[in-house]
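Asks: Contents of start_8.csv (CSV, C-alpha atoms) are given next:
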chain,number,residue,atom,x,y,z
C,18,MET,CA,-39.1,14.9,-24.1
C,19,LYS,CA,-38.1,17.8,-26.4
C,20,LYS,CA,-34.3,18.5,-26.4
C,21,ASP,CA,-34.6,22.2,-25.6
C,22,SER,CA,-37.6,22.2,-23.4
C,23,PHE,CA,-37.4,23.9,-19.9
C,24,PHE,CA,-37.6,20.5,-18.3
C,25,ALA,CA,-34.7,19.0,-20.4
C,26,LEU,CA,-32.4,21.9,-19.9
C,27,ARG,CA,-33.1,23.0,-16.3
C,28,ILE,CA,-35.0,20.3,-14.3
C,29,TYR,CA,-33.7,17.0,-15.7
C,30,PRO,CA,-30.0,17.7,-15.0
C,31,LEU,CA,-30.8,18.6,-11.4
C,32,LEU,CA,-32.9,15.5,-10.9
C,33,PHE,CA,-30.3,13.3,-12.5
C,34,MET,CA,-27.4,14.8,-10.4
C,35,GLY,CA,-29.5,14.4,-7.3
C,36,ALA,CA,-30.3,10.8,-8.1
C,37,VAL,CA,-26.6,9.9,-8.8
C,38,THR,CA,-25.5,11.6,-5.6
C,39,VAL,CA,-28.1,9.8,-3.5
C,40,ILE,CA,-27.1,6.4,-5.0
C,41,CYS,CA,-23.3,7.0,-4.6
C,42,ILE,CA,-23.6,8.3,-1.0
C,43,THR,CA,-25.8,5.4,0.0
C,44,LEU,CA,-23.3,3.0,-1.4
C,45,VAL,CA,-20.3,4.6,0.3
C,46,THR,CA,-22.1,4.9,3.6
C,47,GLY,CA,-23.2,1.3,3.5
C,48,ILE,CA,-19.6,0.1,2.9
C,49,PHE,CA,-18.3,2.5,5.6
C,50,LEU,CA,-20.7,1.3,8.2
C,51,SER,CA,-20.2,-2.3,7.5
C,52,THR,CA,-16.4,-2.0,7.9
C,53,GLU,CA,-16.5,0.5,10.8
C,54,ASP,CA,-16.0,-2.2,13.5
C,55,ARG,CA,-13.0,-3.6,11.8
C,56,VAL,CA,-11.4,-0.2,11.4
C,57,ARG,CA,-12.0,0.6,15.1
C,58,SER,CA,-10.5,-2.8,16.1
C,59,ASN,CA,-7.5,-2.1,13.9
C,60,GLU,CA,-6.9,1.3,15.5
C,61,LEU,CA,-7.2,-0.3,18.9
C,62,LEU,CA,-4.8,-3.0,18.0
C,63,PHE,CA,-2.2,-0.5,16.7
C,64,PHE,CA,-2.6,1.5,19.9
C,65,ARG,CA,-2.2,-1.5,22.2
C,66,ILE,CA,0.9,-2.7,20.3
C,67,ALA,CA,2.4,0.8,20.6
C,68,VAL,CA,1.9,0.9,24.4
C,69,LEU,CA,3.3,-2.6,25.0
C,70,GLU,CA,6.3,-1.9,22.7
C,71,ALA,CA,7.1,1.3,24.5
C,72,ALA,CA,6.9,-0.5,27.9
C,73,GLY,CA,9.3,-3.1,26.6
C,74,VAL,CA,6.9,-6.0,27.1
C,75,GLU,CA,7.8,-9.1,24.9
C,76,PHE,CA,5.0,-10.3,22.8
C,77,SER,CA,4.2,-11.1,19.2
C,78,PRO,CA,2.4,-8.2,17.4
C,79,ASP,CA,0.9,-10.5,14.8
C,80,ASP,CA,-1.1,-12.4,17.4
C,81,TYR,CA,-4.3,-10.3,17.9
C,82,LEU,CA,-5.6,-12.4,20.8
C,83,GLN,CA,-2.3,-12.4,22.6
C,84,VAL,CA,-2.0,-8.6,22.3
C,85,GLN,CA,-5.5,-8.2,23.7
C,86,GLU,CA,-4.8,-10.6,26.6
C,87,ILE,CA,-1.5,-9.1,27.6
C,88,PHE,CA,-2.8,-5.6,27.4
C,89,GLU,CA,-5.8,-6.3,29.5
C,90,GLN,CA,-3.8,-8.1,32.2
C,91,ARG,CA,-0.9,-5.7,32.4
C,92,VAL,CA,-1.9,-2.2,31.4
C,93,VAL,CA,-3.8,0.2,33.7
C,94,GLU,CA,-4.9,3.6,32.2
C,95,GLU,CA,-4.2,6.5,34.6
C,96,GLN,CA,-4.7,10.3,34.2
C,97,GLY,CA,-2.6,11.1,31.1
C,98,PHE,CA,-0.4,8.0,31.2
C,99,TYR,CA,-0.4,4.2,31.2
C,100,ARG,CA,0.9,2.0,34.0
C,101,VAL,CA,2.3,-1.3,32.6
C,102,ASN,CA,3.2,-4.2,35.0
C,103,LEU,CA,6.3,-5.9,33.7
C,104,GLN,CA,7.0,-9.6,34.1
C,105,ASP,CA,9.6,-9.2,36.9
C,106,GLY,CA,7.3,-7.1,39.2
C,107,GLU,CA,8.6,-3.8,38.0
C,108,THR,CA,6.4,-1.1,36.5
C,109,SER,CA,6.8,0.9,33.3
C,110,PHE,CA,5.1,4.2,32.7
C,111,VAL,CA,4.0,5.0,29.2
C,112,ILE,CA,3.0,8.5,27.9
C,113,SER,CA,1.9,9.6,24.4
C,114,VAL,CA,3.6,12.5,22.7
C,115,THR,CA,3.1,14.1,19.3
C,116,GLY,CA,5.3,16.5,17.4
C,117,ALA,CA,6.2,17.8,14.0
C,118,GLY,CA,8.2,15.5,11.7
C,119,LEU,CA,9.6,16.5,8.3
C,120,TRP,CA,6.3,16.0,6.4
C,121,GLY,CA,3.6,15.7,9.1
C,122,PRO,CA,3.0,14.9,12.7
C,123,ILE,CA,4.8,12.0,14.4
C,124,GLU,CA,2.8,10.3,17.1
C,125,MET,CA,4.8,8.3,19.6
C,126,MET,CA,4.6,6.4,22.8
C,127,LEU,CA,7.5,6.7,25.3
C,128,GLY,CA,8.0,4.2,28.2
C,129,PHE,CA,10.0,4.8,31.4
C,130,PHE,CA,11.1,2.7,34.3
C,131,GLU,CA,10.1,3.7,37.9
C,132,ASP,CA,12.9,6.2,38.2
C,133,LEU,CA,11.1,8.1,35.4
C,134,GLU,CA,14.5,8.7,33.8
C,135,THR,CA,15.6,5.5,32.2
C,136,MET,CA,13.6,4.6,29.2
C,137,THR,CA,11.9,1.2,28.7
C,138,GLY,CA,11.5,2.0,25.0
C,139,ILE,CA,9.6,4.0,22.4
C,140,SER,CA,7.2,3.1,19.7
C,141,ILE,CA,5.8,5.0,16.7
C,142,LEU,CA,2.1,5.1,16.3
C,143,SER,CA,1.8,7.2,13.1
C,144,HIS,CA,4.0,9.3,10.8
C,145,ASN,CA,4.2,10.6,7.2
C,146,GLU,CA,7.9,10.4,6.6
C,147,THR,CA,9.5,9.4,3.3
C,148,PRO,CA,9.5,5.6,2.6
C,149,GLY,CA,13.1,4.3,2.6
C,150,LEU,CA,14.5,7.4,4.3
C,151,GLY,CA,12.6,9.0,7.2
C,152,ALA,CA,10.2,6.0,7.4
C,153,ARG,CA,13.2,3.9,8.7
C,154,ILE,CA,12.5,5.3,12.1
C,155,GLU,CA,10.0,2.4,12.2
C,156,GLU,CA,12.9,-0.1,11.9
C,157,ALA,CA,13.6,-2.3,14.9
C,158,TRP,CA,17.2,-1.3,15.3
C,159,PHE,CA,16.3,2.4,15.6
C,160,ILE,CA,13.4,1.8,18.0
C,161,GLU,CA,15.2,-0.7,20.2
C,162,GLN,CA,18.2,1.5,20.8
C,163,PHE,CA,16.1,3.8,23.1
C,164,ARG,CA,15.7,1.1,25.7
C,165,GLY,CA,17.9,1.8,28.8
C,166,LYS,CA,18.8,5.3,27.6
C,167,GLN,CA,18.6,8.3,29.8
C,168,GLY,CA,17.7,11.8,28.5
C,169,PRO,CA,18.2,14.4,27.4
C,170,LEU,CA,19.3,12.5,24.3
C,171,THR,CA,21.9,13.6,21.7
C,172,LEU,CA,21.8,12.4,18.1
C,173,VAL,CA,25.1,11.1,16.7
C,174,ALA,CA,26.0,9.7,13.2
C,175,GLU,CA,24.7,6.2,12.4
C,176,GLY,CA,26.6,3.5,14.1
C,177,THR,CA,28.6,5.6,16.5
C,178,ALA,CA,26.3,5.8,19.6
C,179,ASP,CA,27.9,4.3,22.8
C,180,ALA,CA,27.0,6.6,25.8
C,181,PRO,CA,23.7,6.1,27.6
C,182,ASP,CA,22.4,9.5,26.3
C,183,GLU,CA,23.4,9.0,22.7
C,184,ILE,CA,21.2,7.8,19.9
C,185,ASP,CA,22.2,6.7,16.4
C,186,GLY,CA,20.7,8.9,13.7
C,187,ILE,CA,19.7,7.6,10.3
C,188,THR,CA,22.0,8.6,7.4
C,189,GLY,CA,19.9,10.3,4.7
C,190,ALA,CA,17.1,11.1,7.1
C,191,THR,CA,18.7,13.7,9.4
C,192,ARG,CA,15.7,16.0,9.6
C,193,THR,CA,13.4,13.2,10.6
C,194,THR,CA,15.7,11.8,13.2
C,195,VAL,CA,16.3,15.2,14.7
C,196,ALA,CA,12.5,15.6,14.9
C,197,VAL,CA,12.2,12.3,16.7
C,198,GLY,CA,15.0,13.3,19.1
C,199,GLU,CA,13.2,16.6,19.9
C,200,ILE,CA,9.9,14.9,20.4
C,201,VAL,CA,11.5,12.3,22.7
C,202,ASN,CA,13.4,15.0,24.7
C,203,ARG,CA,10.2,17.0,25.1
C,204,GLY,CA,8.5,13.9,26.4
C,205,ILE,CA,11.3,13.3,28.8
C,206,ARG,CA,10.9,16.8,30.2
C,207,GLN,CA,7.1,16.3,30.6
C,208,VAL,CA,7.4,13.0,32.4
C,209,PRO,CA,7.8,14.2,36.0
C,210,GLY,CA,4.8,16.6,35.7
C,211,THR,CA,2.6,14.0,34.0
C,212,ILE,CA,3.3,10.9,36.1
C,213,LYS,CA,2.4,11.3,39.7
C,214,GLU,CA,2.2,8.4,42.1
C,215,GLU,CA,-0.7,8.5,44.5
V,5,MET,CA,-19.0,-6.6,-31.3
V,6,ALA,CA,-16.1,-7.6,-33.4
V,7,LYS,CA,-13.3,-9.5,-31.8
V,8,GLY,CA,-10.7,-7.2,-33.4
V,9,VAL,CA,-12.1,-4.1,-31.7
V,10,VAL,CA,-11.7,-5.7,-28.2
V,11,LYS,CA,-8.2,-6.7,-28.9
V,12,LYS,CA,-7.3,-3.3,-30.3
V,13,THR,CA,-8.9,-1.5,-27.4
V,14,PHE,CA,-7.0,-3.8,-25.0
V,15,LEU,CA,-3.6,-3.3,-26.6
V,16,LYS,CA,-3.7,0.4,-27.3
V,17,PRO,CA,-3.1,1.6,-23.7
V,18,LEU,CA,-0.4,-0.9,-23.2
V,19,GLY,CA,1.8,0.4,-26.0
V,20,LYS,CA,1.5,3.2,-28.4
V,21,ASP,CA,-1.4,4.9,-26.5
V,22,ASN,CA,0.0,4.4,-23.0
V,23,PRO,CA,-1.4,6.9,-20.5
V,24,VAL,CA,1.9,7.5,-18.8
V,25,PHE,CA,4.7,7.6,-21.3
V,26,VAL,CA,2.7,8.6,-24.4
V,27,GLN,CA,-0.1,10.8,-23.1
V,28,ILE,CA,2.0,11.9,-20.1
V,29,LEU,CA,-1.0,11.7,-17.8
V,30,GLY,CA,-1.1,10.7,-14.1
V,31,ILE,CA,2.4,12.0,-13.6
V,32,CYS,CA,1.9,13.3,-10.1
V,33,SER,CA,1.0,9.9,-8.7
V,34,THR,CA,3.8,8.3,-10.8
V,35,LEU,CA,6.2,10.6,-9.1
V,36,ALA,CA,4.8,10.3,-5.6
V,37,VAL,CA,4.2,6.7,-4.9
V,38,THR,CA,7.0,5.0,-6.8
V,39,ASN,CA,9.6,5.0,-4.1
V,40,LYS,CA,8.5,1.7,-2.6
V,41,LEU,CA,7.3,-1.3,-4.7
V,42,GLU,CA,4.7,-2.4,-2.2
V,43,ASN,CA,3.0,1.0,-2.1
V,44,THR,CA,3.2,1.2,-5.9
V,45,VAL,CA,1.5,-2.1,-6.4
V,46,VAL,CA,-1.3,-1.2,-4.0
V,47,MET,CA,-1.8,2.2,-5.7
V,48,SER,CA,-1.8,0.5,-9.1
V,49,MET,CA,-4.5,-1.9,-8.0
V,50,GLY,CA,-6.6,1.0,-6.8
V,51,VAL,CA,-6.2,2.9,-10.0
V,52,LEU,CA,-7.0,-0.2,-12.1
V,53,PHE,CA,-10.1,-0.9,-10.1
V,54,THR,CA,-11.3,2.7,-10.4
V,55,THR,CA,-10.6,3.1,-14.1
V,56,ALA,CA,-12.3,-0.2,-15.0
V,57,LEU,CA,-15.4,0.2,-12.9
V,58,SER,CA,-15.9,3.9,-13.4
V,59,GLY,CA,-15.6,3.4,-17.1
V,60,PHE,CA,-18.1,0.6,-17.0
V,61,THR,CA,-20.6,2.5,-14.8
V,62,LEU,CA,-20.4,5.7,-16.8
V,63,SER,CA,-20.8,3.9,-20.1
V,64,LEU,CA,-23.8,2.1,-18.7
V,65,ILE,CA,-25.6,5.4,-17.9
V,66,ARG,CA,-24.0,7.4,-20.8
V,67,ARG,CA,-27.3,7.8,-22.7
V,68,PHE,CA,-29.0,9.4,-19.7
V,69,ILE,CA,-26.3,11.8,-18.6
V,70,PRO,CA,-27.2,15.4,-19.6
V,71,GLY,CA,-24.3,16.8,-21.6
V,72,ARG,CA,-23.8,19.9,-19.5
V,73,ILE,CA,-23.4,18.2,-16.2
V,74,ARG,CA,-21.5,15.1,-17.4
V,75,MET,CA,-18.2,16.1,-15.7
V,76,MET,CA,-20.0,16.4,-12.3
V,77,VAL,CA,-21.5,12.9,-12.8
V,78,GLU,CA,-18.1,11.5,-13.9
V,79,THR,CA,-16.4,13.0,-10.8
V,80,MET,CA,-19.1,11.7,-8.5
V,81,VAL,CA,-18.8,8.1,-9.9
V,82,ILE,CA,-15.0,8.1,-9.8
V,83,ALA,CA,-15.0,9.6,-6.3
V,84,THR,CA,-17.4,6.8,-5.1
V,85,TYR,CA,-15.1,4.1,-6.3
V,86,VAL,CA,-12.0,5.7,-4.9
V,87,ILE,CA,-13.6,6.1,-1.5
V,88,ILE,CA,-14.6,2.4,-1.6
V,89,VAL,CA,-10.9,1.6,-2.3
V,90,ASP,CA,-9.9,3.8,0.6
V,91,ILE,CA,-12.4,2.2,3.0
V,92,VAL,CA,-11.5,-1.3,2.0
V,93,LEU,CA,-7.7,-0.7,2.4
V,94,ARG,CA,-8.3,1.0,5.8
V,95,ALA,CA,-10.3,-2.0,7.0
V,96,PHE,CA,-8.3,-4.9,5.6
V,97,TYR,CA,-4.8,-3.5,5.0
V,98,PRO,CA,-4.3,-0.9,7.7
V,99,ASP,CA,-0.5,-1.0,7.5
V,100,ILE,CA,-0.5,-0.1,3.8
V,101,TRP,CA,-3.3,2.4,4.2
V,102,GLN,CA,-1.2,4.2,6.8
V,103,GLN,CA,1.8,4.4,4.5
V,104,LEU,CA,-0.1,5.5,1.4
V,105,GLY,CA,-1.8,8.2,3.5
V,106,PRO,CA,-3.5,10.9,1.3
V,107,TYR,CA,-2.4,9.3,-2.0
V,108,VAL,CA,-5.4,6.9,-2.2
V,109,GLY,CA,-7.9,9.8,-2.0
V,110,LEU,CA,-5.9,11.6,-4.7
V,111,ILE,CA,-6.7,8.8,-7.2
V,112,ILE,CA,-9.9,10.9,-7.7
V,113,THR,CA,-7.8,13.6,-9.3
V,114,ASN,CA,-5.8,11.2,-11.5
V,115,CYS,CA,-6.3,12.7,-14.9
V,116,ILE,CA,-6.1,9.2,-16.5
V,117,ILE,CA,-9.4,8.1,-15.1
V,118,MET,CA,-11.3,11.3,-16.0
V,119,GLY,CA,-9.6,11.3,-19.4
V,120,ARG,CA,-10.7,7.7,-20.2
V,121,ALA,CA,-14.3,8.5,-19.0
V,122,GLU,CA,-14.5,11.6,-21.2
V,123,ALA,CA,-12.7,10.1,-24.2
V,124,PHE,CA,-13.9,6.6,-24.2
V,125,ALA,CA,-16.6,5.5,-21.8
V,126,LEU,CA,-19.1,8.2,-22.9
V,127,ASN,CA,-18.9,7.0,-26.5
V,128,ASN,CA,-18.6,3.3,-26.2
V,129,PRO,CA,-20.6,0.3,-24.8
V,130,PRO,CA,-20.1,-0.9,-21.3
V,131,GLY,CA,-18.2,-4.1,-22.1
V,132,LEU,CA,-15.7,-2.3,-24.3
V,133,SER,CA,-15.3,0.5,-21.7
V,134,LEU,CA,-14.5,-2.1,-19.1
V,135,VAL,CA,-11.8,-3.6,-21.3
V,136,ASP,CA,-10.4,-0.1,-22.0
V,137,GLY,CA,-10.4,0.7,-18.2
V,138,ILE,CA,-8.7,-2.5,-17.3
V,139,SER,CA,-6.0,-2.1,-20.0
V,140,THR,CA,-5.5,1.6,-19.1
V,141,GLY,CA,-5.0,0.5,-15.5
V,142,ILE,CA,-2.5,-2.2,-16.6
V,143,GLY,CA,-0.7,0.3,-18.8
V,144,TYR,CA,-0.4,2.7,-15.9
V,145,SER,CA,0.6,0.0,-13.4
V,146,TYR,CA,3.4,-1.6,-15.3
V,147,VAL,CA,5.1,1.7,-15.9
V,148,LEU,CA,4.9,2.5,-12.2
V,149,ILE,CA,6.1,-0.9,-11.2
V,150,ILE,CA,9.1,-0.7,-13.4
V,151,ILE,CA,10.0,2.8,-12.1
V,152,ALA,CA,9.4,1.7,-8.5
V,153,PHE,CA,11.5,-1.5,-9.0
V,154,PHE,CA,14.6,0.6,-9.9
V,155,ARG,CA,13.9,3.4,-7.3
V,156,GLU,CA,13.6,1.0,-4.4
V,157,LEU,CA,16.4,-1.2,-5.5
V,158,LEU,CA,18.9,1.6,-6.1
V,159,GLY,CA,17.7,3.8,-3.2
V,160,THR,CA,17.5,1.2,-0.4
V,161,GLY,CA,19.1,-2.0,-1.7
V,162,GLN,CA,15.8,-3.7,-1.0
V,163,LEU,CA,12.8,-5.0,-2.9
V,164,TRP,CA,9.5,-5.5,-1.1
V,165,ASN,CA,11.3,-5.1,2.2
V,166,VAL,CA,13.7,-7.9,1.3
V,167,GLN,CA,17.4,-7.0,1.3
V,168,ILE,CA,18.8,-7.7,-2.2
V,169,PHE,CA,22.2,-6.0,-2.2
V,170,GLY,CA,24.8,-6.8,0.5
V,171,ASP,CA,26.9,-4.5,2.6
V,172,TRP,CA,29.0,-3.4,-0.3
V,173,TRP,CA,26.0,-1.4,-1.7
V,174,THR,CA,25.8,2.3,-1.0
V,175,ASN,CA,22.2,3.4,-1.1
V,176,TRP,CA,21.5,6.1,-3.7
V,177,SER,CA,19.3,8.1,-1.3
V,178,ILE,CA,18.3,10.4,-4.1
V,179,MET,CA,16.3,7.6,-5.8
V,180,VAL,CA,13.8,7.4,-3.0
V,181,MET,CA,13.5,11.2,-2.7
V,182,PRO,CA,11.3,13.2,-5.1
V,183,PRO,CA,14.1,14.1,-7.6
V,184,GLY,CA,14.8,10.4,-8.1
V,185,ALA,CA,11.3,10.1,-9.5
V,186,PHE,CA,11.9,12.7,-12.1
V,187,PHE,CA,15.2,11.1,-13.2
V,188,MET,CA,13.7,7.6,-13.4
V,189,LEU,CA,10.6,8.7,-15.3
V,190,ALA,CA,12.6,10.8,-17.7
V,191,ILE,CA,15.0,7.9,-18.4
V,192,PHE,CA,12.1,5.5,-18.8
V,193,ILE,CA,10.3,7.8,-21.3
V,194,TRP,CA,13.6,8.4,-23.1
V,195,ILE,CA,14.3,4.7,-23.6
V,196,VAL,CA,10.8,3.8,-24.6
V,197,LYS,CA,10.3,6.7,-27.0
V,198,GLY,CA,13.8,6.3,-28.4
V,199,ALA,CA,13.8,2.6,-28.9
V,200,VAL,CA,10.3,1.2,-29.1
V,201,ILE,CA,8.0,3.9,-30.4
V,202,LYS,CA,10.4,5.3,-33.0
V,203,GLU,CA,10.6,2.0,-34.8
V,204,GLU,CA,6.9,1.9,-35.3
V,205,GLN,CA,6.9,5.3,-37.0
Show how you would write the structure in this file as structure tokens.
Replies:
Amino acid sequence: MKKDSFFALRIYPLLFMGAVTVICITLVTGIFLSTEDRVRSNELLFFRIAVLEAAGVEFSPDDYLQVQEIFEQRVVEEQGFYRVNLQDGETSFVISVTGAGLWGPIEMMLGFFEDLETMTGISILSHNETPGLGARIEEAWFIEQFRGKQGPLTLVAEGTADAPDEIDGITGATRTTVAVGEIVNRGIRQVPGTIKEE
Amino acid sequence: MAKGVVKKTFLKPLGKDNPVFVQILGICSTLAVTNKLENTVVMSMGVLFTTALSGFTLSLIRRFIPGRIRMMVETMVIATYVIIVDIVLRAFYPDIWQQLGPYVGLIITNCIIMGRAEAFALNNPPGLSLVDGISTGIGYSYVLIIIAFFRELLGTGQLWNVQIFGDWWTNWSIMVMPPGAFFMLAIFIWIVKGAVIKEEQ
């Protein structure tokens, strides 16, 4: 093969790039397809944990089989919301809400008792907030304080919430907690329209 | 292959030819992912894996790559390895994958990897390129881990989600925010260049 022939200059680079592309894409596609089931089951697990947490059901999130069992026994999917049967014969209604956080969308689940005003809890499905600051909305103390609260909620400084409509903010993550508060309040307003008993 | 060459290739990126504090490459990821030790370690592993294997692969086919499209081929090979990292994390470590978000994909644009491919892998045999890739990855990783260690510790009082400091500690929130990365990196480069590299000269 001459170095400056038409083939070497024009055709060979095209063929070479084509071959490299085909090999790389085949490799990536193969790995993607072989892990697809696992990715789907991870997503399903995260979703189920979020619904159960928002409903205030007690379970251990690390036990994959337990999550699956409890979810299948207790949760009924309805039009636009989930009905979760609690241990003591009561029912919790869970809706999904998404809103803008500081860096990206925050996807949450909100749970309500049968009066549709008192919250059974919230859970966070996905967010892009700063680790160590905004990402602290995932911490248990922040999540758990929503249980038993009635909206519309007001944010107060960290460690000072005592009324049923007050929520502790996170120091250093004001914009993220304000965003969470707004998303939850919007969810609270949507609840009566979304959840209709037959 | 002489043993001295391997040793020299391995040691260079760790010290006087370090990609981060000497060549000042890969800064955007250094700034972005170092606010939490856990994320930093995963990110470092991803970069190490990619530099090592992309260097090896490109070196293997270096005699067949036409000169004028070599960068396209490099990008293609690097992207393939990065997407593999992304898929594996997503399947087996979904928690960490969620936290790292778009940063894993951005390994593709990490200039260290492209730089090593251009400067080293295309002119050296596969074995040596693999050594160079691994040590470049380690050279990048240890700098990031040191920075992340101080940022997470000072910013949150925690390390790897374990509380280190007690209630008396006031978190330096700025350390986990973007400006903290600039401060830490600058201090790190200052100390290393002032104390270690100066002596060698």
Asks: Dump as a PyMOL selection string all residues having an atom at most 12 Å from (-22.5, 2.7, -4.2), computed in the file's coordinates with only C-alpha atoms.
Replies: (chain C and resi 36-49) or (chain V and resi 57-58+61+80-89)
Asks: Up to 9 Å from chain V, what residues of chain C turn up? Count only C-alpha atoms and give them as a PyMOL selection string.
Replies: chain C and resi 25-26+29-31+33-34+37-38+41-42+44-45+48-49+52-57+59-60+143-150+189
Asks: Taking C-alpha atoms for each residue, export the selection above as a compact mmCIF listing (two decimals), keeping the file's coordinate frame.
Replies:
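Saved the output as selection-v8.txt:
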# COMPACT_ATOMS: atom_id res chain seq x y z
CA ALA C 25 -34.70 19.00 -20.40
CA LEU C 26 -32.40 21.90 -19.90
CA TYR C 29 -33.70 17.00 -15.70
CA PRO C 30 -30.00 17.70 -15.00
CA LEU C 31 -30.80 18.60 -11.40
CA PHE C 33 -30.30 13.30 -12.50
CA MET C 34 -27.40 14.80 -10.40
CA VAL C 37 -26.60 9.90 -8.80
CA THR C 38 -25.50 11.60 -5.60
CA CYS C 41 -23.30 7.00 -4.60
CA ILE C 42 -23.60 8.30 -1.00
CA LEU C 44 -23.30 3.00 -1.40
CA VAL C 45 -20.30 4.60 0.30
CA ILE C 48 -19.60 0.10 2.90
CA PHE C 49 -18.30 2.50 5.60
CA THR C 52 -16.40 -2.00 7.90
CA GLU C 53 -16.50 0.50 10.80
CA ASP C 54 -16.00 -2.20 13.50
CA ARG C 55 -13.00 -3.60 11.80
CA VAL C 56 -11.40 -0.20 11.40
CA ARG C 57 -12.00 0.60 15.10
CA ASN C 59 -7.50 -2.10 13.90
CA GLU C 60 -6.90 1.30 15.50
CA SER C 143 1.80 7.20 13.10
CA HIS C 144 4.00 9.30 10.80
CA ASN C 145 4.20 10.60 7.20
CA GLU C 146 7.90 10.40 6.60
CA THR C 147 9.50 9.40 3.30
CA PRO C 148 9.50 5.60 2.60
CA GLY C 149 13.10 4.30 2.60
CA LEU C 150 14.50 7.40 4.30
CA GLY C 189 19.90 10.30 4.70
Asks: Would you mind reading off the distance between atom CA of C:Asn102 and atom CA of C:Glu131, one decimal, in Å?
Replies: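 Rounded to one decimal, the two atoms are 10.9 Å apart.
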Asks: What lies within 9 Å of C:Gly165 using all atoms listed in the file, ignoring chain neighbours under 2 positions off, as a VMD selection string?
Replies: chain C and resid 129 to 130 135 to 138 162 to 163 167 181
Asks: Work out how far atom CA of C:Met126 is from atom CA of V:Leu41, in Å to one decimal.
Replies: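 Atom-to-atom, atom CA of V:Leu41 to atom CA of C:Met126, that is 28.7 Å.
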Asks: What is the atom CA of C:Asp185 to atom CA of C:Ala157 distance in Å?
Replies: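 Atom CA of C:Ala157 lies 12.5 Å from atom CA of C:Asp185.
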Asks: Mind checking which residues fall within 7 Å of stretch 119-128 of chain V, counting only C-alpha atoms, ignoring those fewer than 5 positions away in the same chain, and posting them as a ChimeraX atom specification?
Replies: /V:59,62-63,66,133
Asks: Please return as a list in words every residue within 6 Å of (20.2, 10.2, 25.4), taking into account all atoms listed in the file and the file's own coordinates.
Replies: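 Returned residue set, sorted by chain then number, is Lys166, Gln167, Gly168, Pro169, Leu170, Thr171, Pro181, Asp182 and Glu183 of chain C.
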Asks: Considering only C-alpha atoms, return as a ChimeraX atom specification whatever protein or nucleic-acid residues lie within 10 Å of V:Pro23, sequence-local ones (same chain, fewer than 4 positions apart) excluded.
Replies: /V:16-19,27-31,115-117,119-120,140-144,147
Asks: Can you tell me, as number ranges by chain, what residues are no more than 8 Å from C:Glu70 when counting all atoms listed in the file, ignoring any on the same chain fewer than 5 positions away?
Replies: C: 75, 138-140
Asks: Between V:Ile65, V:Leu157, V:Met47, V:Ile150, single out the one closest to V:Gly109, counting only C-alpha atoms.
Replies: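 Closest candidate: V:Met47.
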Asks: C:Phe88: which residues within 10 Å, counting all atoms listed in the file, same-chain residues fewer than 2 positions away excluded, as a ChimeraX atom specification?
Replies: /C:62,65-66,68-69,74,82-86,90-93,101-102
